[in-house]
>>> print(open('start13.json').read())   # JSON, C-alpha atoms and all ligand atoms
[["chain", "number", "residue", "atom", "x", "y", "z"],
["E", 1, "MET", "CA", 0.00, 0.00, 0.00],
["E", 2, "SER", "CA", 1.38, 3.42, 1.07],
["E", 3, "GLU", "CA", 1.69, 6.10, -1.65],
["E", 4, "ARG", "CA", -0.32, 8.28, 0.70],
["E", 5, "GLY", "CA", -2.52, 5.30, 1.60],
["E", 6, "PRO", "CA", -2.43, 3.79, 5.09],
["E", 7, "LYS", "CA", 0.60, 2.01, 6.48],
["E", 8, "THR", "CA", -0.15, -1.71, 6.15],
["E", 9, "ILE", "CA", 1.34, -4.35, 8.43],
["E", 10, "ALA", "CA", 0.74, -8.11, 8.42],
["E", 11, "THR", "CA", 1.53, -10.19, 11.49],
["E", 12, "ILE", "CA", 2.47, -13.72, 10.50],
["E", 13, "ASN", "CA", 4.21, -16.84, 11.73],
["E", 14, "PHE", "CA", 3.50, -20.41, 10.68],
["E", 15, "LYS", "CA", 3.63, -21.38, 14.31],
["E", 16, "GLY", "CA", 0.45, -20.99, 16.38],
["E", 17, "GLY", "CA", 0.50, -19.52, 19.87],
["E", 18, "VAL", "CA", 3.47, -17.16, 19.41],
["E", 19, "GLY", "CA", 1.24, -14.13, 19.98],
["E", 20, "LYS", "CA", 0.26, -12.96, 16.48],
["E", 21, "THR", "CA", -3.29, -12.15, 17.54],
["E", 22, "THR", "CA", -2.33, -10.65, 20.90],
["E", 23, "VAL", "CA", 0.45, -8.48, 19.49],
["E", 24, "THR", "CA", -1.64, -7.24, 16.56],
["E", 25, "TRP", "CA", -4.42, -6.19, 18.89],
["E", 26, "CYS", "CA", -2.12, -4.58, 21.47],
["E", 27, "LEU", "CA", -0.33, -2.57, 18.78],
["E", 28, "GLY", "CA", -3.68, -1.41, 17.39],
["E", 29, "ASP", "CA", -4.82, -0.41, 20.87],
["E", 30, "VAL", "CA", -1.60, 1.40, 21.84],
["E", 31, "VAL", "CA", -1.14, 3.18, 18.50],
["E", 32, "SER", "CA", -4.76, 4.37, 18.32],
["E", 33, "SER", "CA", -4.77, 5.48, 21.98],
["E", 34, "PHE", "CA", -1.46, 7.27, 22.17],
["E", 35, "SER", "CA", -0.68, 8.59, 18.70],
["E", 36, "GLY", "CA", -4.17, 9.67, 17.66],
["E", 37, "ALA", "CA", -3.81, 7.59, 14.50],
["E", 38, "LYS", "CA", -6.90, 5.99, 13.01],
["E", 39, "VAL", "CA", -6.27, 2.26, 13.08],
["E", 40, "LEU", "CA", -8.11, -0.55, 11.30],
["E", 41, "VAL", "CA", -7.49, -4.15, 12.37],
["E", 42, "PHE", "CA", -8.47, -7.13, 10.19],
["E", 43, "ASP", "CA", -8.98, -10.63, 11.55],
["E", 44, "LEU", "CA", -8.01, -12.80, 8.58],
["E", 45, "ASP", "CA", -7.84, -16.03, 10.54],
["E", 46, "ALA", "CA", -10.73, -18.36, 9.77],
["E", 47, "GLN", "CA", -10.16, -19.77, 13.26],
["E", 48, "MET", "CA", -11.52, -16.39, 14.37],
["E", 49, "SER", "CA", -9.65, -16.08, 17.66],
["E", 50, "LEU", "CA", -9.58, -12.28, 17.60],
["E", 51, "THR", "CA", -13.23, -12.01, 16.61],
["E", 52, "GLN", "CA", -14.22, -14.47, 19.32],
["E", 53, "ALA", "CA", -12.10, -12.71, 21.94],
["E", 54, "ILE", "CA", -13.72, -9.37, 21.14],
["E", 55, "ALA", "CA", -17.17, -10.95, 21.32],
["E", 56, "LEU", "CA", -16.14, -12.45, 24.64],
["E", 57, "ASN", "CA", -15.61, -9.14, 26.38],
["E", 58, "GLU", "CA", -15.62, -9.89, 30.07],
["E", 59, "ALA", "CA", -15.06, -6.37, 31.39],
["E", 60, "THR", "CA", -18.68, -5.31, 31.47],
["E", 61, "GLY", "CA", -20.45, -7.44, 28.93],
["E", 62, "ALA", "CA", -21.56, -4.21, 27.25],
["E", 63, "LEU", "CA", -19.21, -4.46, 24.31],
["E", 64, "HIS", "CA", -20.12, -8.09, 23.99],
["E", 65, "ASP", "CA", -23.78, -7.36, 23.32],
["E", 66, "LYS", "CA", -23.01, -4.40, 21.10],
["E", 67, "PHE", "CA", -20.53, -6.35, 18.99],
["E", 68, "GLN", "CA", -22.70, -9.45, 18.76],
["E", 69, "LYS", "CA", -25.71, -7.45, 17.57],
["E", 70, "TRP", "CA", -23.60, -5.63, 15.00],
["E", 71, "TYR", "CA", -22.00, -8.88, 13.83],
["E", 72, "ASP", "CA", -25.35, -10.65, 13.37],
["E", 73, "ILE", "CA", -26.54, -7.78, 11.20],
["E", 74, "ALA", "CA", -23.31, -7.78, 9.16],
["E", 75, "ILE", "CA", -23.81, -11.47, 8.42],
["E", 76, "ALA", "CA", -27.51, -11.03, 7.60],
["E", 77, "ARG", "CA", -26.71, -8.14, 5.25],
["E", 78, "GLN", "CA", -23.85, -10.09, 3.66],
["E", 79, "LYS", "CA", -21.26, -7.54, 4.76],
["E", 80, "THR", "CA", -18.41, -9.82, 5.80],
["E", 81, "MET", "CA", -14.98, -10.66, 4.42],
["E", 82, "PHE", "CA", -16.48, -13.82, 3.00],
["E", 83, "HIS", "CA", -19.00, -11.86, 0.96],
["E", 84, "ALA", "CA", -16.36, -9.35, -0.11],
["E", 85, "LEU", "CA", -14.10, -12.13, -1.35],
["E", 86, "ASP", "CA", -17.03, -13.93, -2.93],
["E", 87, "GLU", "CA", -17.95, -10.78, -4.82],
["E", 88, "PHE", "CA", -14.35, -10.19, -5.84],
["E", 89, "THR", "CA", -13.91, -13.70, -7.26],
["E", 90, "LYS", "CA", -17.26, -13.87, -9.10],
["E", 91, "PRO", "CA", -16.47, -14.31, -12.79],
["E", 92, "ALA", "CA", -19.65, -12.43, -13.72],
["E", 93, "ALA", "CA", -18.76, -9.36, -11.68],
["E", 94, "PRO", "CA", -15.21, -8.31, -12.45],
["E", 95, "HIS", "CA", -16.06, -4.83, -11.17],
["E", 96, "PHE", "CA", -16.04, -5.98, -7.50],
["E", 97, "ASP", "CA", -19.44, -4.67, -6.50],
["E", 98, "PHE", "CA", -19.06, -4.42, -2.71],
["E", 99, "ALA", "CA", -19.87, -1.21, -0.83],
["E", 100, "VAL", "CA", -17.89, -0.60, 2.36],
["E", 101, "GLY", "CA", -19.18, 1.29, 5.40],
["E", 102, "PHE", "CA", -19.75, 0.83, 9.11],
["E", 103, "ASP", "CA", -21.89, -2.22, 8.39],
["E", 104, "PHE", "CA", -18.64, -3.90, 7.27],
["E", 105, "ILE", "CA", -16.28, -2.19, 9.75],
["E", 106, "TYR", "CA", -16.96, -2.28, 13.50],
["E", 107, "GLN", "CA", -16.01, 0.73, 15.64],
["E", 108, "VAL", "CA", -14.39, -0.50, 18.85],
["E", 109, "THR", "CA", -13.40, 3.03, 19.89],
["E", 110, "GLU", "CA", -13.34, 6.30, 17.99],
["E", 111, "ASP", "CA", -9.89, 5.56, 16.60],
["E", 112, "LEU", "CA", -9.74, 1.76, 16.64],
["E", 113, "HIS", "CA", -11.89, -0.06, 14.09],
["E", 114, "PHE", "CA", -12.19, -3.73, 13.28],
["E", 115, "VAL", "CA", -13.11, -6.09, 10.44],
["E", 116, "PRO", "CA", -14.03, -9.47, 11.95],
["E", 117, "SER", "CA", -13.45, -12.87, 10.49],
["E", 118, "VAL", "CA", -16.22, -15.26, 9.59],
["E", 119, "GLU", "CA", -16.37, -19.06, 9.58],
["E", 120, "ASP", "CA", -17.22, -19.29, 5.89],
["E", 121, "LEU", "CA", -13.74, -18.02, 5.06],
["E", 122, "TYR", "CA", -12.42, -21.40, 6.03],
["E", 123, "TRP", "CA", -14.46, -23.17, 3.38],
["E", 124, "MET", "CA", -13.80, -20.43, 0.90],
["E", 125, "GLU", "CA", -10.09, -21.17, 1.11],
["E", 126, "LEU", "CA", -10.76, -24.72, 0.03],
["E", 127, "GLU", "CA", -12.98, -23.75, -2.86],
["E", 128, "VAL", "CA", -11.06, -20.89, -4.41],
["E", 129, "PHE", "CA", -7.89, -22.25, -5.93],
["E", 130, "ASP", "CA", -6.87, -19.46, -8.21],
["E", 131, "ARG", "CA", -4.03, -17.76, -6.37],
["E", 132, "ASP", "CA", -3.57, -15.00, -8.90],
["E", 133, "GLY", "CA", -7.31, -14.40, -9.02],
["E", 134, "VAL", "CA", -7.20, -13.47, -5.32],
["E", 135, "LYS", "CA", -3.90, -11.62, -5.29],
["E", 136, "ASP", "CA", -5.36, -8.12, -5.71],
["E", 137, "PHE", "CA", -8.30, -8.65, -3.38],
["E", 138, "ILE", "CA", -6.86, -6.89, -0.31],
["E", 139, "ARG", "CA", -5.31, -4.09, -2.35],
["E", 140, "ARG", "CA", -8.65, -3.40, -4.04],
["E", 141, "LEU", "CA", -10.57, -3.66, -0.77],
["E", 142, "LEU", "CA", -8.22, -1.16, 0.91],
["E", 143, "GLY", "CA", -8.66, 1.13, -2.09],
["E", 144, "LYS", "CA", -12.43, 1.03, -1.60],
["E", 145, "ILE", "CA", -12.05, 1.75, 2.12],
["E", 146, "GLN", "CA", -9.64, 4.62, 1.46],
["E", 147, "ASN", "CA", -11.95, 6.17, -1.14],
["E", 148, "SER", "CA", -15.15, 5.81, 0.85],
["E", 149, "VAL", "CA", -16.78, 9.06, 1.90],
["E", 150, "LYS", "CA", -18.48, 7.26, 4.79],
["E", 151, "LEU", "CA", -15.26, 6.04, 6.38],
["E", 152, "PRO", "CA", -12.29, 7.85, 7.95],
["E", 153, "LYS", "CA", -8.90, 7.92, 6.26],
["E", 154, "TYR", "CA", -7.06, 5.22, 8.16],
["E", 155, "ASP", "CA", -3.41, 5.86, 9.02],
["E", 156, "VAL", "CA", -2.59, 2.27, 9.91],
["E", 157, "VAL", "CA", -4.06, -1.08, 8.85],
["E", 158, "LEU", "CA", -3.04, -4.21, 10.77],
["E", 159, "PHE", "CA", -3.75, -7.76, 9.60],
["E", 160, "ASP", "CA", -3.87, -10.70, 11.99],
["E", 161, "CYS", "CA", -2.95, -13.55, 9.64],
["E", 162, "PRO", "CA", -3.58, -17.28, 10.04],
["E", 163, "PRO", "CA", -0.73, -19.65, 10.95],
["E", 164, "SER", "CA", -0.66, -21.03, 7.43],
["E", 165, "PHE", "CA", -0.06, -19.60, 4.02],
["E", 166, "THR", "CA", -3.63, -19.02, 2.81],
["E", 167, "LEU", "CA", -4.94, -17.20, -0.23],
["E", 168, "LEU", "CA", -5.86, -14.29, 1.99],
["E", 169, "SER", "CA", -2.41, -14.04, 3.51],
["E", 170, "TYR", "CA", -0.95, -14.24, 0.01],
["E", 171, "SER", "CA", -3.18, -11.35, -0.98],
["E", 172, "VAL", "CA", -2.07, -9.31, 2.06],
["E", 173, "LEU", "CA", 1.61, -10.11, 1.69],
["E", 174, "SER", "CA", 1.66, -9.01, -1.92],
["E", 175, "CYS", "CA", 0.56, -5.50, -0.95],
["E", 176, "CYS", "CA", 1.71, -4.76, 2.61],
["E", 177, "ASP", "CA", 4.54, -2.47, 3.71],
["E", 178, "LEU", "CA", 5.84, -4.58, 6.58],
["E", 179, "VAL", "CA", 5.60, -8.19, 7.67],
["E", 180, "LEU", "CA", 5.84, -8.50, 11.43],
["E", 181, "ILE", "CA", 6.98, -11.86, 12.79],
["E", 182, "PRO", "CA", 6.72, -12.51, 16.52],
["E", 183, "VAL", "CA", 8.91, -15.33, 17.84],
["E", 184, "ASN", "CA", 9.14, -16.86, 21.31],
["E", 185, "PRO", "CA", 12.27, -17.71, 23.27],
["E", 186, "ASP", "CA", 12.40, -21.38, 22.38],
["E", 187, "PHE", "CA", 14.05, -23.86, 20.08],
["E", 188, "PHE", "CA", 11.59, -23.12, 17.23],
["E", 189, "ALA", "CA", 12.39, -19.42, 17.10],
["E", 190, "SER", "CA", 15.38, -19.53, 14.76],
["E", 191, "LYS", "CA", 14.21, -22.61, 12.83],
["E", 192, "GLY", "CA", 10.78, -21.08, 12.25],
["E", 193, "THR", "CA", 12.24, -17.70, 11.29],
["E", 194, "ASN", "CA", 14.46, -19.37, 8.75],
["E", 195, "LEU", "CA", 11.50, -21.26, 7.28],
["E", 196, "ILE", "CA", 9.37, -18.14, 6.95],
["E", 197, "LEU", "CA", 12.11, -15.98, 5.48],
["E", 198, "ASN", "CA", 12.83, -18.61, 2.85],
["E", 199, "SER", "CA", 9.25, -19.43, 1.96],
["E", 200, "LEU", "CA", 8.04, -15.82, 1.92],
["E", 201, "LYS", "CA", 10.32, -14.99, -0.94],
["E", 202, "MET", "CA", 9.41, -18.15, -2.83],
["E", 203, "ARG", "CA", 5.69, -17.56, -2.39],
["E", 204, "ILE", "CA", 5.52, -13.89, -3.14],
["E", 205, "GLU", "CA", 7.80, -13.61, -6.13],
["E", 206, "PRO", "CA", 7.67, -12.19, -8.77],
["E", 207, "PHE", "CA", 6.12, -9.43, -6.65],
["E", 208, "PRO", "CA", 8.39, -7.40, -4.39],
["E", 209, "VAL", "CA", 8.84, -8.96, -0.97],
["E", 210, "PRO", "CA", 7.83, -6.51, 1.77],
["E", 211, "LYS", "CA", 10.23, -5.53, 4.53],
["E", 212, "ILE", "CA", 10.31, -8.12, 7.29],
["E", 213, "GLY", "CA", 10.68, -7.32, 10.98],
["E", 214, "VAL", "CA", 11.15, -10.04, 13.58],
["E", 215, "PHE", "CA", 10.94, -9.50, 17.34],
["E", 216, "MET", "CA", 10.68, -11.53, 20.50],
["E", 217, "ASN", "CA", 7.35, -11.84, 22.27],
["E", 218, "LYS", "CA", 6.86, -13.63, 25.63],
["E", 219, "THR", "CA", 10.44, -12.74, 26.55],
["E", 220, "LYS", "CA", 11.31, -14.22, 29.93],
["E", 221, "THR", "CA", 12.68, -11.57, 32.26],
["E", 222, "TYR", "CA", 14.62, -11.34, 35.48],
["E", 223, "ALA", "CA", 14.72, -8.00, 37.31],
["E", 224, "GLY", "CA", 13.30, -6.27, 34.23],
["E", 225, "ALA", "CA", 15.87, -7.58, 31.75],
["E", 226, "PRO", "CA", 15.71, -10.61, 29.42],
["E", 227, "THR", "CA", 17.02, -13.81, 31.01],
["E", 228, "LYS", "CA", 20.25, -15.32, 29.67],
["E", 229, "GLU", "CA", 18.17, -17.96, 27.90],
["E", 230, "SER", "CA", 15.90, -15.42, 26.17],
["E", 231, "GLU", "CA", 18.98, -13.46, 25.15],
["E", 232, "PHE", "CA", 20.47, -16.57, 23.64],
["E", 233, "TYR", "CA", 17.40, -17.10, 21.43],
["E", 234, "MET", "CA", 17.37, -13.41, 20.49],
["E", 235, "ARG", "CA", 20.95, -13.70, 19.21],
["E", 236, "GLU", "CA", 20.06, -16.86, 17.29],
["E", 237, "VAL", "CA", 17.11, -15.21, 15.52],
["E", 238, "ALA", "CA", 19.11, -12.06, 14.82],
["E", 239, "ARG", "CA", 21.78, -14.23, 13.18],
["E", 240, "VAL", "CA", 19.18, -16.01, 11.01],
["E", 241, "CYS", "CA", 17.76, -12.64, 9.91],
["E", 242, "GLY", "CA", 21.21, -11.41, 8.99],
["E", 243, "GLN", "CA", 21.95, -14.55, 7.00],
["E", 244, "ALA", "CA", 18.65, -14.40, 5.11],
["E", 245, "ALA", "CA", 19.19, -10.74, 4.33],
["E", 246, "GLN", "CA", 22.49, -11.69, 2.68],
["E", 247, "SER", "CA", 21.68, -14.99, 0.98],
["E", 248, "GLN", "CA", 18.02, -14.38, 0.03],
["E", 249, "ARG", "CA", 18.36, -10.67, -0.57],
["E", 250, "VAL", "CA", 15.26, -9.91, 1.48],
["E", 251, "GLN", "CA", 15.08, -6.98, 3.86],
["E", 252, "ALA", "CA", 14.85, -8.73, 7.20],
["E", 253, "ARG", "CA", 15.68, -7.17, 10.53],
["E", 254, "PHE", "CA", 15.56, -8.40, 14.09],
["E", 255, "PHE", "CA", 14.23, -5.61, 16.32],
["E", 256, "ASP", "CA", 15.95, -4.57, 19.54],
["E", 257, "SER", "CA", 12.53, -4.05, 21.14],
["E", 258, "TRP", "CA", 10.98, -7.05, 22.83],
["E", 259, "ILE", "CA", 7.72, -7.75, 24.63],
["E", 260, "PRO", "CA", 7.94, -9.47, 28.01],
["E", 261, "GLU", "CA", 5.87, -12.46, 29.04],
["E", 262, "ARG", "CA", 3.04, -11.15, 31.23],
["E", 263, "VAL", "CA", -0.12, -13.15, 31.91],
["E", 264, "GLY", "CA", -2.20, -9.96, 32.19],
["E", 265, "VAL", "CA", -1.92, -9.49, 28.42],
["E", 266, "LYS", "CA", -4.77, -11.99, 27.97],
["E", 267, "ARG", "CA", -7.26, -9.35, 29.09],
["E", 268, "ALA", "CA", -6.09, -6.84, 26.47],
["E", 269, "ILE", "CA", -8.44, -8.25, 23.84],
["E", 270, "THR", "CA", -11.39, -9.09, 26.02],
["E", 271, "GLY", "CA", -11.85, -5.52, 27.16],
["E", 272, "GLY", "CA", -9.21, -4.94, 29.85],
["E", 273, "GLY", "CA", -6.89, -2.96, 27.60],
["E", 274, "VAL", "CA", -3.13, -3.35, 27.29],
["E", 275, "PRO", "CA", -1.63, -3.80, 30.81],
["E", 276, "GLY", "CA", 0.11, -0.61, 31.97],
["E", 277, "GLU", "CA", 3.55, -2.20, 32.13],
["E", 278, "LEU", "CA", 3.28, -3.34, 28.50],
["E", 279, "VAL", "CA", 2.32, 0.03, 27.03],
["E", 280, "GLN", "CA", 5.90, 1.31, 26.80],
["E", 281, "PRO", "CA", 7.28, -1.93, 25.28],
["E", 282, "PHE", "CA", 4.59, -1.78, 22.57],
["E", 283, "LYS", "CA", 5.29, 1.93, 21.97],
["E", 284, "ASP", "CA", 9.00, 1.12, 21.61],
["E", 285, "LEU", "CA", 8.29, -1.73, 19.21],
["E", 286, "TRP", "CA", 6.06, 0.55, 17.17],
["E", 287, "SER", "CA", 8.67, 3.31, 16.86],
["E", 288, "GLU", "CA", 11.25, 0.76, 15.78],
["E", 289, "MET", "CA", 8.81, -0.57, 13.16],
["E", 290, "MET", "CA", 8.16, 2.94, 11.88],
["E", 291, "GLY", "CA", 11.87, 3.74, 11.76],
["E", 292, "TYR", "CA", 12.41, 0.64, 9.65],
["E", 293, "ALA", "CA", 9.41, 0.93, 7.31],
["E", 294, "PRO", "CA", 8.41, 4.62, 7.42],
["X", 301, "LIG", "N1", 3.57, -11.29, 25.91],
["X", 301, "LIG", "C1", 2.80, -12.29, 26.34],
["X", 301, "LIG", "N2", 2.86, -12.69, 27.65],
["X", 301, "LIG", "C2", 2.10, -13.70, 28.10],
["X", 301, "LIG", "N3", 1.22, -14.39, 27.34],
["X", 301, "LIG", "C3", 1.11, -14.05, 26.04],
["X", 301, "LIG", "C4", 1.88, -12.99, 25.47],
["X", 301, "LIG", "N4", 1.55, -12.90, 24.15],
["X", 301, "LIG", "C5", 0.62, -13.85, 23.92],
["X", 301, "LIG", "N5", 0.34, -14.54, 25.05],
["X", 301, "LIG", "C6", -0.61, -15.66, 25.22],
["X", 301, "LIG", "O1", -0.22, -16.73, 24.38],
["X", 301, "LIG", "C7", -1.37, -17.40, 23.86],
["X", 301, "LIG", "C8", -1.32, -17.40, 22.33],
["X", 301, "LIG", "O2", -1.40, -16.08, 21.86],
["X", 301, "LIG", "P1", -2.10, -15.71, 20.47],
["X", 301, "LIG", "O3", -1.99, -14.23, 20.33],
["X", 301, "LIG", "O4", -3.44, -16.31, 20.38],
["X", 301, "LIG", "O5", -1.11, -16.44, 19.46],
["X", 301, "LIG", "P2", -1.29, -16.73, 17.89],
["X", 301, "LIG", "O6", -2.24, -15.74, 17.34],
["X", 301, "LIG", "O7", 0.10, -16.60, 17.34],
["X", 301, "LIG", "O8", -1.79, -18.14, 17.77],
["X", 301, "LIG", "C9", -2.57, -16.65, 24.40],
["X", 301, "LIG", "O9", -3.04, -17.35, 25.54],
["X", 301, "LIG", "C10", -2.02, -15.29, 24.80],
["X", 301, "LIG", "O10", -2.73, -14.71, 25.86],
["X", 302, "MG", "MG", -4.01, -16.02, 16.23]]
>>> encode(input="start13.json", output="structure tokens", more="lines below")
Ligand SMILES: Nc1ncnc2c1ncn2[C@@H]1O[C@H](COP(=O)(O)OP(=O)(O)O)[C@@H](O)[C@H]1O
Ligand SMILES: [Mg+2]
Amino acid sequence: MSERGPKTIATINFKGGVGKTTVTWCLGDVVSSFSGAKVLVFDLDAQMSLTQAIALNEATGALHDKFQKWYDIAIARQKTMFHALDEFTKPAAPHFDFAVGFDFIYQVTEDLHFVPSVEDLYWMELEVFDRDGVKDFIRRLLGKIQNSVKLPKYDVVLFDCPPSFTLLSYSVLSCCDLVLIPVNPDFFASKGTNLILNSLKMRIEPFPVPKIGVFMNKTKTYAGAPTKESEFYMREVARVCGQAAQSQRVQARFFDSWIPERVGVKRAITGGGVPGELVQPFKDLWSEMMGYAP
């Protein structure tokens, strides 16, 4: 995207449970709250964990009812990602006849908006085989959103991607500015990073590969600093990024910023907000991301 459009960032990792959903949501929350930017978050995972977590708001139950009512109407009016993709891939309608407004986008707060996932996406993935037919879907959808007179001009769009390489993630990756890869301090961190860096290039070519930023989530800490073990895995992943940058000629960087492991982060999505002690780490991560892919 860019060229005066919003900054687009896709969070991916083939491994589940590393914090893709949590990190995407926390970044959206922190950036919209503290920078005044208008942020739009997409749940592209047919497993719907973000959508379900938002519907599961335990803080007051108020958001729960509000979101659920809105979501039921969106489905009844055929205003979901499934319907958008269905419309886009219809051979009879190459013009992509899908109007976007607040019946498609849910307003969580004034500056943080959300496009939920829907179960049908899962089946859609199995039915639509034409990779190149789907490639421009997200780019065109963002264009519609950006040109809509009913919607704000978003500054930032974040995509929570599934833990597999789906048609939708392919469509996102071929038009986003930055791919954000969270890793955890474990044996899989460097192996998984290597796998993603190699396969990203293979999958996306001949289109330009976006910049790739890797950082550690769930960092174990002692007295506020990463433990020796977490530091070891950080060095390993940084080394893999450096190697890939040289041998694959992709722009891959391991960020200095890291997010600590804190159980309280669970409540961030279900209505509790980002825990106070994690606000600064997410702000730091964000400024490093913006310095890298301005
Ligand atoms: N920084 C963190 N500290 C503690 N727990 C975390 C952190 N980030 C994520 N988690 C937890 O890890 C689990 C998996 O996170 P999730 O965001 O769903 O991962 P993914 O989307 O990659 O599958 C969730 O229970 C979440 O609350
Ligand atoms: Mg997830």
>>> closest_residue(input="start13.json", among="E:Asp160, E:Asp120, E:Asp130, E:Asp65", to="Gly16 (chain E)", atoms="only C-alpha atoms")
E:Asp160
>>> residues_near_ligand(input="start13.json", ligand="ligand MG 302 (chain X)", cutoff="10 Å", atoms="only C-alpha atoms and all ligand atoms", output="number ranges by chain")
E: 11-13, 15-24, 43-50, 160-163
>>> atom_distance(input="start13.json", atom1="CA of Pro182 (chain E)", atom2="CA of Pro275 (chain E)")
18.7 Å
>>> closest_residue(input="start13.json", among="E:Ile75, E:Met289, E:Cys241, E:Val149", to="Ala99 (chain E)", atoms="all atoms listed in the file")
E:Val149
>>> closest_residue(input="start13.json", among="E:Gly36, E:Pro152, E:Pro260, E:Pro6", to="Phe102 (chain E)", atoms="all atoms listed in the file")
E:Pro152
>>> atom_distance(input="start13.json", atom1="CA of Thr193 (chain E)", atom2="CA of Gln246 (chain E)")
14.7 Å
>>> closest_residue(input="start13.json", among="E:Ser117, E:Ser33, E:Thr51, E:Gln243", to="Val279 (chain E)", atoms="all atoms listed in the file")
E:Ser33
